[in-house]
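Student: mmCIF, C-alpha atoms, file data14.cif:
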data_entry
loop_
_atom_site.group_PDB
_atom_site.id
_atom_site.type_symbol
_atom_site.label_atom_id
_atom_site.label_comp_id
_atom_site.auth_asym_id
_atom_site.auth_seq_id
_atom_site.Cartn_x
_atom_site.Cartn_y
_atom_site.Cartn_z
ATOM 1 C CA THR B 1375 -18.302 25.545 -5.590
ATOM 2 C CA SER B 1376 -20.676 22.558 -5.591
ATOM 3 C CA ALA B 1377 -21.280 20.071 -2.774
ATOM 4 C CA PHE B 1378 -22.856 16.874 -1.510
ATOM 5 C CA THR B 1379 -24.336 17.673 1.922
ATOM 6 C CA GLY B 1380 -26.704 16.130 4.475
ATOM 7 C CA SER B 1381 -26.628 13.073 6.705
ATOM 8 C CA SER B 1382 -30.017 11.292 6.530
ATOM 9 C CA ASP B 1383 -29.147 9.542 3.248
ATOM 10 C CA TYR B 1384 -26.189 9.242 0.878
ATOM 11 C CA PRO B 1385 -25.864 10.299 -2.786
ATOM 12 C CA ARG B 1386 -25.550 7.720 -5.550
ATOM 13 C CA VAL B 1387 -23.891 8.558 -8.860
ATOM 14 C CA LYS B 1388 -24.936 5.927 -11.383
ATOM 15 C CA GLY B 1389 -22.407 7.041 -13.971
ATOM 16 C CA ASN B 1390 -19.183 9.052 -13.837
ATOM 17 C CA LEU B 1391 -18.319 11.958 -11.553
ATOM 18 C CA ASP B 1392 -16.235 14.438 -13.578
ATOM 19 C CA ILE B 1393 -14.850 17.415 -11.634
ATOM 20 C CA GLY B 1394 -14.016 20.085 -14.217
ATOM 21 C CA GLY B 1395 -15.551 18.516 -17.280
ATOM 22 C CA SER B 1396 -14.798 20.105 -20.627
ATOM 23 C CA GLY B 1397 -15.465 23.711 -19.573
ATOM 24 C CA SER B 1398 -12.902 26.510 -19.345
ATOM 25 C CA GLY B 1399 -13.594 27.420 -15.687
ATOM 26 C CA THR B 1400 -12.415 25.713 -12.512
ATOM 27 C CA VAL B 1401 -14.543 23.726 -10.085
ATOM 28 C CA SER B 1402 -14.151 23.116 -6.357
ATOM 29 C CA PHE B 1403 -16.406 20.248 -5.301
ATOM 30 C CA LEU B 1404 -17.059 19.453 -1.618
ATOM 31 C CA ASN B 1405 -18.189 16.107 -0.293
ATOM 32 C CA GLU B 1406 -19.692 17.066 3.071
ATOM 33 C CA ASN B 1407 -22.227 14.246 3.310
ATOM 34 C CA THR B 1408 -21.859 12.570 6.709
ATOM 35 C CA ASN B 1409 -24.215 9.608 6.335
ATOM 36 C CA ALA B 1410 -22.650 6.380 7.618
ATOM 37 C CA THR B 1411 -22.630 5.062 4.033
ATOM 38 C CA SER B 1412 -20.129 6.657 1.669
ATOM 39 C CA VAL B 1413 -21.182 8.446 -1.509
ATOM 40 C CA LEU B 1414 -21.453 5.699 -4.139
ATOM 41 C CA VAL B 1415 -19.977 6.351 -7.601
ATOM 42 C CA GLN B 1416 -20.726 3.436 -9.898
ATOM 43 C CA GLY B 1417 -18.520 4.788 -12.691
ATOM 44 C CA ASN B 1418 -15.241 6.710 -12.751
ATOM 45 C CA ILE B 1419 -14.163 9.738 -10.721
ATOM 46 C CA THR B 1420 -12.046 12.273 -12.615
ATOM 47 C CA VAL B 1421 -10.552 15.434 -11.108
ATOM 48 C CA ARG B 1422 -9.273 17.500 -14.017
ATOM 49 C CA SER B 1423 -6.268 19.793 -13.935
ATOM 50 C CA GLY B 1424 -6.930 23.043 -12.075
ATOM 51 C CA ASN B 1425 -9.947 21.614 -10.246
ATOM 52 C CA THR B 1426 -10.373 20.337 -6.679
ATOM 53 C CA LEU B 1427 -12.308 17.564 -4.978
ATOM 54 C CA ASN B 1428 -12.497 18.071 -1.197
ATOM 55 C CA ASN B 1429 -13.353 14.819 0.566
ATOM 56 C CA ASN B 1430 -14.639 16.295 3.836
ATOM 57 C CA GLY B 1431 -17.466 13.924 4.751
ATOM 58 C CA THR B 1432 -17.825 10.175 5.105
ATOM 59 C CA GLY B 1433 -16.067 9.643 1.788
ATOM 60 C CA PHE B 1434 -16.562 7.894 -1.538
ATOM 61 C CA GLU B 1435 -17.115 4.303 -2.600
ATOM 62 C CA VAL B 1436 -15.746 3.985 -6.129
ATOM 63 C CA GLN B 1437 -16.603 1.168 -8.524
ATOM 64 C CA GLY B 1438 -14.680 2.534 -11.510
ATOM 65 C CA ASN B 1439 -11.324 4.226 -11.944
ATOM 66 C CA PHE B 1440 -10.126 7.296 -10.022
ATOM 67 C CA THR B 1441 -7.943 9.831 -11.868
ATOM 68 C CA VAL B 1442 -6.580 12.953 -10.176
ATOM 69 C CA ASP B 1443 -4.917 15.506 -12.461
ATOM 70 C CA GLY B 1444 -6.082 18.375 -10.244
ATOM 71 C CA THR B 1445 -6.246 18.217 -6.434
ATOM 72 C CA LEU B 1446 -7.767 15.623 -4.115
ATOM 73 C CA ALA B 1447 -7.863 16.992 -0.557
ATOM 74 C CA TYR B 1448 -9.592 16.169 2.716
ATOM 75 C CA GLY B 1449 -10.835 18.097 5.741
ATOM 76 C CA SER B 1450 -10.080 17.906 9.450
ATOM 77 C CA SER B 1451 -12.975 15.718 10.623
ATOM 78 C CA ASN B 1452 -15.233 12.777 9.639
ATOM 79 C CA THR B 1453 -14.162 9.504 8.014
ATOM 80 C CA ARG B 1454 -12.898 11.017 4.742
ATOM 81 C CA GLY B 1455 -12.477 7.554 3.269
ATOM 82 C CA LEU B 1456 -11.975 6.153 -0.214
ATOM 83 C CA ILE B 1457 -13.362 2.651 -0.763
ATOM 84 C CA PHE B 1458 -12.608 0.742 -3.970
ATOM 85 C CA SER B 1459 -15.262 -1.932 -4.376
ATOM 86 C CA GLY B 1460 -15.809 -2.663 -8.063
ATOM 87 C CA GLY B 1461 -15.685 -6.237 -9.321
ATOM 88 C CA ASN B 1462 -13.740 -5.038 -12.348
ATOM 89 C CA SER B 1463 -10.036 -4.161 -12.510
ATOM 90 C CA GLN B 1464 -9.640 -0.611 -11.165
ATOM 91 C CA SER B 1465 -6.910 2.029 -11.267
ATOM 92 C CA PHE B 1466 -5.952 4.977 -9.075
ATOM 93 C CA SER B 1467 -3.773 7.394 -11.014
ATOM 94 C CA GLY B 1468 -3.104 10.960 -12.092
ATOM 95 C CA SER B 1469 -0.489 13.701 -12.221
ATOM 96 C CA GLY B 1470 -2.126 15.976 -9.639
ATOM 97 C CA THR B 1471 -1.902 16.392 -5.868
ATOM 98 C CA ILE B 1472 -3.406 13.393 -4.075
ATOM 99 C CA GLY B 1473 -4.309 13.594 -0.385
ATOM 100 C CA ILE B 1474 -5.662 10.387 1.171
ATOM 101 C CA TYR B 1475 -6.847 9.997 4.761
ATOM 102 C CA ASP B 1476 -8.305 6.457 4.660
ATOM 103 C CA LEU B 1477 -8.127 3.963 1.794
ATOM 104 C CA THR B 1478 -10.002 0.639 1.762
ATOM 105 C CA ILE B 1479 -9.662 -2.222 -0.734
ATOM 106 C CA ASN B 1480 -12.835 -4.307 -0.588
ATOM 107 C CA LYS B 1481 -13.465 -5.805 -4.011
ATOM 108 C CA SER B 1482 -15.429 -8.857 -5.074
ATOM 109 C CA ALA B 1483 -12.984 -9.650 -7.890
ATOM 110 C CA ASN B 1484 -9.827 -8.349 -9.597
ATOM 111 C CA ASN B 1485 -7.418 -5.796 -8.119
ATOM 112 C CA LEU B 1486 -6.738 -2.073 -7.729
ATOM 113 C CA SER B 1487 -3.612 -0.891 -9.574
ATOM 114 C CA LEU B 1488 -1.696 2.306 -8.935
ATOM 115 C CA GLY B 1489 -0.856 4.692 -11.760
ATOM 116 C CA SER B 1490 0.914 7.136 -9.448
ATOM 117 C CA SER B 1491 2.603 7.006 -6.054
ATOM 118 C CA ILE B 1492 0.360 7.684 -3.046
ATOM 119 C CA THR B 1493 0.651 8.387 0.687
ATOM 120 C CA ILE B 1494 -1.834 7.178 3.306
ATOM 121 C CA ASP B 1495 -2.139 9.663 6.172
ATOM 122 C CA HIS B 1496 -4.331 7.630 8.562
ATOM 123 C CA GLN B 1497 -5.193 4.035 7.604
ATOM 124 C CA LEU B 1498 -5.052 1.535 4.765
ATOM 125 C CA THR B 1499 -7.609 -1.262 5.189
ATOM 126 C CA LEU B 1500 -7.062 -4.476 3.222
ATOM 127 C CA THR B 1501 -10.249 -6.534 3.158
ATOM 128 C CA SER B 1502 -10.542 -8.289 -0.198
ATOM 129 C CA LYS B 1503 -8.268 -8.360 -3.285
ATOM 130 C CA ASN B 1504 -4.934 -6.677 -3.797
ATOM 131 C CA LEU B 1505 -3.380 -3.252 -4.203
ATOM 132 C CA VAL B 1506 -0.929 -3.617 -7.104
ATOM 133 C CA LEU B 1507 1.964 -1.137 -7.002
ATOM 134 C CA GLY B 1508 3.643 -1.732 -10.352
ATOM 135 C CA SER B 1509 6.405 0.900 -10.605
ATOM 136 C CA TYR B 1510 4.749 3.231 -8.064
ATOM 137 C CA ASP B 1511 5.270 3.548 -4.325
ATOM 138 C CA LEU B 1512 2.899 3.274 -1.371
ATOM 139 C CA THR B 1513 3.909 5.403 1.615
ATOM 140 C CA ILE B 1514 2.385 4.936 5.071
ATOM 141 C CA ALA B 1515 2.791 8.113 7.141
ATOM 142 C CA SER B 1516 4.472 7.910 10.553
ATOM 143 C CA SER B 1517 1.126 8.245 12.352
ATOM 144 C CA ALA B 1518 -0.726 5.932 9.935
ATOM 145 C CA SER B 1519 -1.357 2.189 10.070
ATOM 146 C CA ILE B 1520 -2.479 -0.793 8.015
ATOM 147 C CA SER B 1521 -5.486 -2.899 9.019
ATOM 148 C CA GLY B 1522 -5.873 -6.364 7.554
ATOM 149 C CA GLY B 1523 -3.370 -8.018 5.280
ATOM 150 C CA SER B 1524 -3.840 -11.689 4.419
ATOM 151 C CA SER B 1525 -3.723 -14.105 1.511
ATOM 152 C CA SER B 1526 -7.101 -12.615 0.519
ATOM 153 C CA SER B 1527 -5.864 -9.016 0.426
ATOM 154 C CA TYR B 1528 -2.321 -7.644 0.371
ATOM 155 C CA VAL B 1529 0.002 -5.184 -1.373
ATOM 156 C CA GLN B 1530 1.408 -6.706 -4.522
ATOM 157 C CA THR B 1531 4.983 -5.573 -5.208
ATOM 158 C CA ASN B 1532 5.170 -6.961 -8.713
ATOM 159 C CA SER B 1533 7.779 -4.520 -10.050
ATOM 160 C CA THR B 1534 9.955 -1.729 -8.624
ATOM 161 C CA GLY B 1535 7.213 -0.194 -6.474
ATOM 162 C CA LYS B 1536 7.746 -0.501 -2.723
ATOM 163 C CA ILE B 1537 5.995 0.031 0.602
ATOM 164 C CA THR B 1538 7.568 2.832 2.641
ATOM 165 C CA LYS B 1539 6.731 3.169 6.321
ATOM 166 C CA ARG B 1540 7.711 6.505 7.848
ATOM 167 C CA PHE B 1541 9.123 6.399 11.376
ATOM 168 C CA SER B 1542 9.252 9.279 13.861
ATOM 169 C CA ALA B 1543 10.046 6.958 16.801
ATOM 170 C CA THR B 1544 10.877 3.313 17.458
ATOM 171 C CA GLY B 1545 8.095 0.782 16.936
ATOM 172 C CA SER B 1546 6.793 -2.196 14.980
ATOM 173 C CA PHE B 1547 5.222 -2.521 11.556
ATOM 174 C CA THR B 1548 4.164 -5.349 9.253
ATOM 175 C CA TYR B 1549 4.559 -4.850 5.507
ATOM 176 C CA PRO B 1550 1.730 -6.885 3.900
ATOM 177 C CA THR B 1551 3.733 -7.752 0.798
ATOM 178 C CA GLY B 1552 3.224 -10.404 -1.820
ATOM 179 C CA ASP B 1553 3.557 -11.179 -5.499
ATOM 180 C CA GLY B 1554 0.782 -12.143 -7.877
ATOM 181 C CA THR B 1555 0.456 -15.594 -6.299
ATOM 182 C CA TYR B 1556 1.643 -15.623 -2.674
ATOM 183 C CA TYR B 1557 1.227 -13.450 0.418
ATOM 184 C CA THR B 1558 4.714 -13.091 1.937
ATOM 185 C CA PRO B 1559 4.622 -10.440 4.701
ATOM 186 C CA TYR B 1560 7.685 -8.840 6.284
ATOM 187 C CA SER B 1561 7.492 -7.710 9.927
ATOM 188 C CA LEU B 1562 9.942 -5.300 11.533
ATOM 189 C CA THR B 1563 10.510 -3.890 15.011
ATOM 190 C CA LEU B 1564 12.779 -0.857 15.156
ATOM 191 C CA ASN B 1565 14.362 -1.074 18.613
ATOM 192 C CA SER B 1566 16.704 1.904 18.497
ATOM 193 C CA GLY B 1567 18.479 4.340 16.222
ATOM 194 C CA SER B 1568 18.915 8.028 15.535
ATOM 195 C CA ILE B 1569 15.765 8.903 13.613
ATOM 196 C CA GLY B 1570 16.069 11.887 11.294
ATOM 197 C CA SER B 1571 13.549 13.999 9.412
ATOM 198 C CA GLY B 1572 11.515 12.005 6.899
ATOM 199 C CA ALA B 1573 12.921 8.713 8.190
ATOM 200 C CA GLY B 1574 11.500 5.593 6.638
ATOM 201 C CA ILE B 1575 12.092 1.952 5.797
ATOM 202 C CA ASP B 1576 11.205 0.628 2.329
ATOM 203 C CA VAL B 1577 10.296 -3.014 1.666
ATOM 204 C CA ARG B 1578 9.254 -5.013 -1.361
ATOM 205 C CA THR B 1579 9.258 -8.748 -1.972
ATOM 206 C CA VAL B 1580 10.844 -10.148 -5.135
ATOM 207 C CA SER B 1581 9.729 -13.574 -6.359
ATOM 208 C CA SER B 1582 13.133 -14.779 -7.546
ATOM 209 C CA ALA B 1583 16.368 -15.825 -5.848
ATOM 210 C CA GLU B 1584 18.737 -13.093 -4.677
ATOM 211 C CA SER B 1585 21.803 -13.329 -6.924
ATOM 212 C CA HIS B 1586 24.292 -13.800 -4.068
ATOM 213 C CA VAL B 1587 22.716 -17.035 -2.784
ATOM 214 C CA THR B 1588 22.294 -19.041 -5.973
ATOM 215 C CA SER B 1589 25.794 -20.535 -5.709
ATOM 216 C CA TYR B 1590 24.578 -22.459 -2.621
ATOM 217 C CA SER B 1591 22.591 -25.693 -2.709
ATOM 218 C CA ASN B 1592 19.748 -24.472 -0.498
ATOM 219 C CA TYR B 1593 18.042 -21.115 -0.908
ATOM 220 C CA LEU B 1594 14.733 -19.346 -1.470
ATOM 221 C CA ASN B 1595 13.416 -18.300 -4.834
ATOM 222 C CA ARG B 1596 12.399 -15.087 -3.103
ATOM 223 C CA TYR B 1597 13.948 -12.174 -1.213
ATOM 224 C CA TRP B 1598 12.885 -8.942 0.444
ATOM 225 C CA ALA B 1599 14.589 -5.747 -0.723
ATOM 226 C CA VAL B 1600 14.918 -3.387 2.264
ATOM 227 C CA ASN B 1601 16.205 0.183 2.234
ATOM 228 C CA ILE B 1602 16.642 2.386 5.335
ATOM 229 C CA ASN B 1603 16.423 6.171 4.966
ATOM 230 C CA ASN B 1604 17.555 8.765 7.548
ATOM 231 C CA ILE B 1605 17.946 6.321 10.450
ATOM 232 C CA THR B 1606 21.492 6.176 11.790
ATOM 233 C CA ASN B 1607 22.757 3.059 13.620
ATOM 234 C CA PRO B 1608 19.416 1.237 13.452
ATOM 235 C CA ASN B 1609 18.826 -1.865 15.547
ATOM 236 C CA PHE B 1610 15.821 -3.945 14.596
ATOM 237 C CA ASN B 1611 14.329 -7.430 14.587
ATOM 238 C CA VAL B 1612 12.694 -8.832 11.477
ATOM 239 C CA SER B 1613 10.637 -11.852 10.488
ATOM 240 C CA TYR B 1614 9.174 -12.838 7.165
ATOM 241 C CA VAL B 1615 6.996 -15.532 5.636
ATOM 242 C CA TYR B 1616 7.749 -17.410 2.419
ATOM 243 C CA ALA B 1617 5.760 -19.928 0.400
ATOM 244 C CA ASP B 1618 6.612 -23.631 0.174
ATOM 245 C CA ASN B 1619 6.994 -23.195 -3.590
ATOM 246 C CA ASP B 1620 9.861 -20.750 -2.920
ATOM 247 C CA ILE B 1621 12.046 -23.540 -1.506
ATOM 248 C CA HIS B 1622 15.063 -24.686 -3.502
ATOM 249 C CA GLY B 1623 16.972 -27.575 -1.963
ATOM 250 C CA SER B 1624 16.547 -28.663 1.648
ATOM 251 C CA GLU B 1625 14.569 -26.302 3.879
ATOM 252 C CA SER B 1626 16.077 -27.882 6.993
ATOM 253 C CA ASN B 1627 19.450 -26.370 6.019
ATOM 254 C CA PHE B 1628 18.137 -22.822 5.659
ATOM 255 C CA VAL B 1629 19.437 -19.870 7.661
ATOM 256 C CA ALA B 1630 18.211 -16.273 7.589
ATOM 257 C CA ALA B 1631 20.712 -14.082 5.765
ATOM 258 C CA ARG B 1632 21.271 -10.452 4.822
ATOM 259 C CA TRP B 1633 23.297 -9.024 1.990
ATOM 260 C CA ASN B 1634 24.514 -5.467 1.487
ATOM 261 C CA ALA B 1635 27.459 -3.952 -0.336
ATOM 262 C CA ALA B 1636 29.349 -3.142 2.875
ATOM 263 C CA SER B 1637 29.215 -6.512 4.654
ATOM 264 C CA GLY B 1638 28.307 -8.986 1.936
ATOM 265 C CA LEU B 1639 26.225 -12.043 2.812
ATOM 266 C CA VAL B 1640 25.777 -12.443 6.584
ATOM 267 C CA ASN B 1641 23.945 -15.084 8.637
ATOM 268 C CA ILE B 1642 21.502 -13.156 10.858
ATOM 269 C CA GLY B 1643 19.158 -15.766 12.303
ATOM 270 C CA THR B 1644 17.321 -19.052 12.182
ATOM 271 C CA VAL B 1645 14.424 -20.303 10.083
ATOM 272 C CA ASN B 1646 11.238 -21.770 11.540
ATOM 273 C CA THR B 1647 10.300 -24.500 9.042
ATOM 274 C CA SER B 1648 7.060 -25.555 10.751
#
Could I get this file's structure written as structure tokens?
Tutor:
Amino acid sequence: TSAFTGSSDYPRVKGNLDIGGSGSGTVSFLNENTNATSVLVQGNITVRSGNTLNNNGTGFEVQGNFTVDGTLAYGSSNTRGLIFSGGNSQSFSGSGTIGIYDLTINKSANNLSLGSSITIDHQLTLTSKNLVLGSYDLTIASSASISGGSSSSYVQTNSTGKITKRFSATGSFTYPTGDGTYYTPYSLTLNSGSIGSGAGIDVRTVSSAESHVTSYSNYLNRYWAVNINNITNPNFNVSYVYADNDIHGSESNFVAARWNAASGLVNIGTVNTS
């Protein structure tokens, strides 16, 4: 076992941090440094298969890629954060076990792309640039939250990847969704319903017209795909924001609509065009 410890200063890794390397043994590495500034890694972090990185202190600021083929875990106290801050395009991927307490996107340029699905157990902070899901999912635990979300920083659902918010009780949540060009958030308040184990609501925005509305004269070239899991008889209010460039036809004739296989296309509300 190796470790970063102390609190009066923070370690700086000017290259890559490779947990496991090319040796035949296994490594358990502890980050127990509790300085207010996270451990800075200016290159890549790699956790190789069979090896463990325990993020028990303030956390890491990563300016390269982060690959977990072993285990990324965190302790029971301190910030335990992961900050992606490089000006280059970055990736977070791997086939291992990934435990994340806090994740922050605060980049000067380019985006962070997922190469595996992840779950945030405490907080996702969106400060600058986007988290690009691709075909992977972002899950926000029932006790976790998202801070931020704006045209400067959002979750880009550019493919089949979706944002899943777990629910253990009624409440509100904003999905900070967007495509590669526009921030188009979807807000939901779950008012009632029978909430089962592992309950969640999935959302992603799609930057094309939903196929059941294109026979009409006025519609959006955008829709939000929503899936409800393990919530029986849900009652909720929703609102969502679209871009002016999504408008096809006359916006003044728009209504909010929902489509599903059981009920077809249903008018569910009004549109604020201001």
Student: Residue by residue, what does the PyMOL selection byres ((chain B and resi 1583) around 10) grab here? Present the result as a PyMOL selection string.
Tutor: chain B and resi 1580-1582+1584-1588+1593-1598+1620-1622
Student: Under the PyMOL selection byres ((chain B and resi 1461) around 8), which residues of this model are included? Write them out as a list in words.
Tutor: Gln1437, Ser1459, Gly1460, Asn1462, Ser1463, Lys1481, Ser1482, Ala1483 and Asn1484 of chain B
Student: CA of Ser1624 (chain B) to CA of Tyr1556 (chain B): how many Å, to one decimal?
Tutor: 20.3 Å
Student: When you count all atoms listed in the file, which of these residues is closest to Thr1493 (chain B): B:Ile1419, B:Ile1479, B:Val1506, B:Ile1474?
Tutor: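 Counting all atoms listed in the file, the residue closest to Thr1493 (chain B) is B:Ile1474.
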Student: For each of B:His1496, B:Arg1386, B:Arg1454, B:Arg1578, take the minimum atom-to-atom distance to Asp1511 (chain B), counting all atoms listed in the file, then give the residue where this is smallest.
Tutor: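 Smallest distance to Asp1511 (chain B) is found for B:Arg1578.
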Student: Using only the atoms of region 1475-1483 of chain B listed in the file, plus 6 Å on each side, state the axis-aligned box centre and edge lengths in Å rounded to one decimal, as lines of an AutoDock Vina configuration file.
Tutor:
center_x = -11.1
center_y = 0.2
center_z = -1.6
size_x = 20.6
size_y = 31.6
size_z = 24.7
Student: Within 9 Å of Thr1501 (chain B), counting all atoms listed in the file, which residues show up once you throw out same-chain ones fewer than 4 positions away? Write them as a list in words, please.
Tutor: Thr1478, Ile1479, Asn1480, Lys1481, Ser1521, Gly1522, Gly1523, Ser1524, Ser1526, Ser1527 and Tyr1528 of chain B
Student: What residues come out when you apply the PyMOL selection byres ((chain B and resi 1568) around 10) to this file, written as a PyMOL selection string?
Tutor: chain B and resi 1542-1544+1566-1567+1569-1570+1573+1604-1609
Student: Within 6 Å of region 1423-1428 of chain B, counting only C-alpha atoms, which residues show up once you throw out same-chain ones fewer than 6 positions away? Write them as a ChimeraX atom specification, please.
Tutor: /B:1394,1400-1404,1443-1448
Student: For Ser1490 (chain B), which of B:Val1612, B:Ile1514, B:Ser1467, B:Thr1534 is the closest residue, counting all atoms listed in the file?
Tutor: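 Closest to Ser1490 (chain B), using all atoms listed in the file: B:Ser1467.
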Student: Suppose you want the space between CA of Val1600 (chain B) and CA of Gly1623 (chain B); what is it in Å?
Tutor: 24.6 Å
Student: Pick from B:Asn1627, B:Ser1376, B:Ser1451, B:Thr1555: nearest to Thr1647 (chain B), with all atoms listed in the file counted?
Tutor: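 Of the candidates, the smallest distance to Thr1647 (chain B) is held by B:Asn1627.
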Student: What does the structure give for the distance between CA of Tyr1614 (chain B) and CA of Gly1508 (chain B), in Å to one decimal?
Tutor: 21.5 Å
